[in-house]
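As structure tokens, the structure follows; a few thoughts come after it.
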Amino acid sequence: MSGNALLLLLAAGFGAWALVEAVWYATGFTSDPVARSVGSRVVRVDVPPPETDRTHGLPVAVAFQDPSTAQELTLRTAGGKNGALYVAWAGRPVWVRFPSGEPSRFRVQSSPVSRGQELAGAFWAAVLCAAVLLVRFTTVQHHSYGWALLGFGDGLTVLLACACVGAIRRRGRRRALLDGAPTVPAEVVSLMRDAHHNEEITTYTYTAVVTFTTHEGLTVIGIGPAGLTHHDDVPLGTRLSVRYSPEDPATFAFAPPYDSDPHRTVIAWIVVTIAWGAIVTLAGMHALL
């Protein structure tokens, strides 16, 4: 298969992805938007079993009403199949999403998904499709890969920059919520484990699950920052302190000496994005000269 045919096939794949995402979005919102996303609340939170995968979140039971039948339901999450909450307490308001008429297939989330988020997949697929087509037609017409580097490379730089902006905003909001936040005692009640496979070697990182009681009387169970290299870094039963936001107890942080920044990789991504953008721009301009 020639390079031009491969580029056209790749563009067709991205275009099909964008079309499927857009049709799914339109079909969902022209049916019954209420049945797809409803308000709910947590009625029970359990401590996850030792060495559970962090991506499964906390085992919780949520109560909500099925709009199609007006039936009140209380269902439990199971092994990450129903979404994941990383911080929960009895009474916490959350959202559930499920296909109309099938509440048992619910997925729990901490906030409702906006229409912009729903269309994000279609948008990025369309951008990638346009970038591949730009590479295809500029290289054929001008016989220069400089335009391809400028078009696709700088386009990818824009995508990375958008992701960095979102991460920076989340980091700023978190810092604002924790600025002057009260400190309360906490205890490590479980350790979750993530496996990392690298060729023939499997390594593990651990995440502490803590429980603490806020000054407002809420008993919160939360999954802390990931990345502990050994289960003895913060052993089970360790007593420590956490800072939490009274406005949103789901935003909390370990106090020293166990504190860490969950968004610490943002700076690295910013540096990588700037470096990538500079390299592809200079390479593209050099090819055109």
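Chain identifiers are assigned as A, B, and so on, following the order in which chains appear in the structure tokens; residues are numbered from 1 within each chain, and ligands are numbered from 1 in order of appearance.
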
Name all residues at most 9 Å from region 70-81 of chain A (count only C-alpha atoms; drop same-chain ones fewer than 5 positions away) and give them as an NGL selection string.
:A and (43-44 or 52-53 or 55-65 or 103-108)

Within 12 Å of Thr219 (chain A), counting only C-alpha atoms, which residues qualify if same-chain residues fewer than 2 places away don't, as a PyMOL selection string?
chain A and resi 44-46+87-92+184-187+210-217+221-222+249-250

Name the residues of region 175-287 of chain A that come out as helix (DSSP H, G or I) in a backbone DSSP run; write them as a list in words.
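Taking region 175-287 of chain A and keeping helix (DSSP H, G or I) only, one gets Arg175, Ala176, Leu177, Leu178, Thr265, Val266, Ile267, Ala268, Trp269, Ile270, Val271, Val272, Thr273, Ile274, Ala275, Trp276, Gly277, Ala278, Ile279, Val280, Thr281, Leu282, Ala283, Gly284, Met285, His286 and Ala287 of chain A.
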
Serialized selection, C-alpha atoms, as a short mmCIF file (atom, residue, chain, number, x, y, z; two decimals), in the first residue's frame:
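Result file follows (part.cif):
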```
data_model
loop_
_atom_site.label_atom_id
_atom_site.label_comp_id
_atom_site.auth_asym_id
_atom_site.auth_seq_id
_atom_site.Cartn_x
_atom_site.Cartn_y
_atom_site.Cartn_z
CA ARG A 175 -5.28 24.98 44.92
CA ALA A 176 -7.95 27.64 45.41
CA LEU A 177 -10.21 25.18 47.25
CA LEU A 178 -7.38 24.00 49.51
CA THR A 265 2.96 15.99 35.67
CA VAL A 266 1.35 19.13 34.23
CA ILE A 267 4.68 20.98 34.15
CA ALA A 268 6.32 18.08 32.33
CA TRP A 269 3.54 18.05 29.72
CA ILE A 270 3.91 21.81 29.20
CA VAL A 271 7.66 21.44 28.60
CA VAL A 272 7.10 18.51 26.21
CA THR A 273 4.43 20.47 24.31
CA ILE A 274 6.64 23.53 23.89
CA ALA A 275 9.60 21.39 22.81
CA TRP A 276 7.50 19.40 20.32
CA GLY A 277 6.01 22.57 18.82
CA ALA A 278 9.43 24.18 18.42
CA ILE A 279 10.97 21.07 16.84
CA VAL A 280 8.25 20.44 14.23
CA THR A 281 8.00 24.15 13.36
CA LEU A 282 11.75 24.50 12.81
CA ALA A 283 11.89 21.20 10.90
CA GLY A 284 8.99 22.25 8.69
CA MET A 285 10.48 25.65 7.93
CA HIS A 286 13.85 24.09 7.20
CA ALA A 287 12.25 21.68 4.72
#
```

For CA of Thr238 (chain A) and CA of Gly180 (chain A), quote the distance in Å rounded to one decimal.
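So the answer is 24.4 Å.
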
Exercise: Val38 (chain A) partners within 7 Å, only C-alpha atoms, chain neighbours under 5 positions left out, as a PyMOL selection string:
chain A and resi 95-97

Please dump the current selection as a tab-separated table (two decimals), in the first residue's frame; keep N, CA and C atoms.
```tsv
chain	number	residue	atom	x	y	z
A	95	TRP	N	-24.14	11.77	40.05
A	95	TRP	CA	-24.98	11.57	38.88
A	95	TRP	C	-24.80	10.15	38.36
A	96	VAL	N	-25.87	9.60	37.80
A	96	VAL	CA	-25.78	8.29	37.15
A	96	VAL	C	-26.29	8.43	35.72
A	97	ARG	N	-25.70	7.63	34.84
A	97	ARG	CA	-26.10	7.60	33.43
A	97	ARG	C	-26.37	6.16	33.06
```
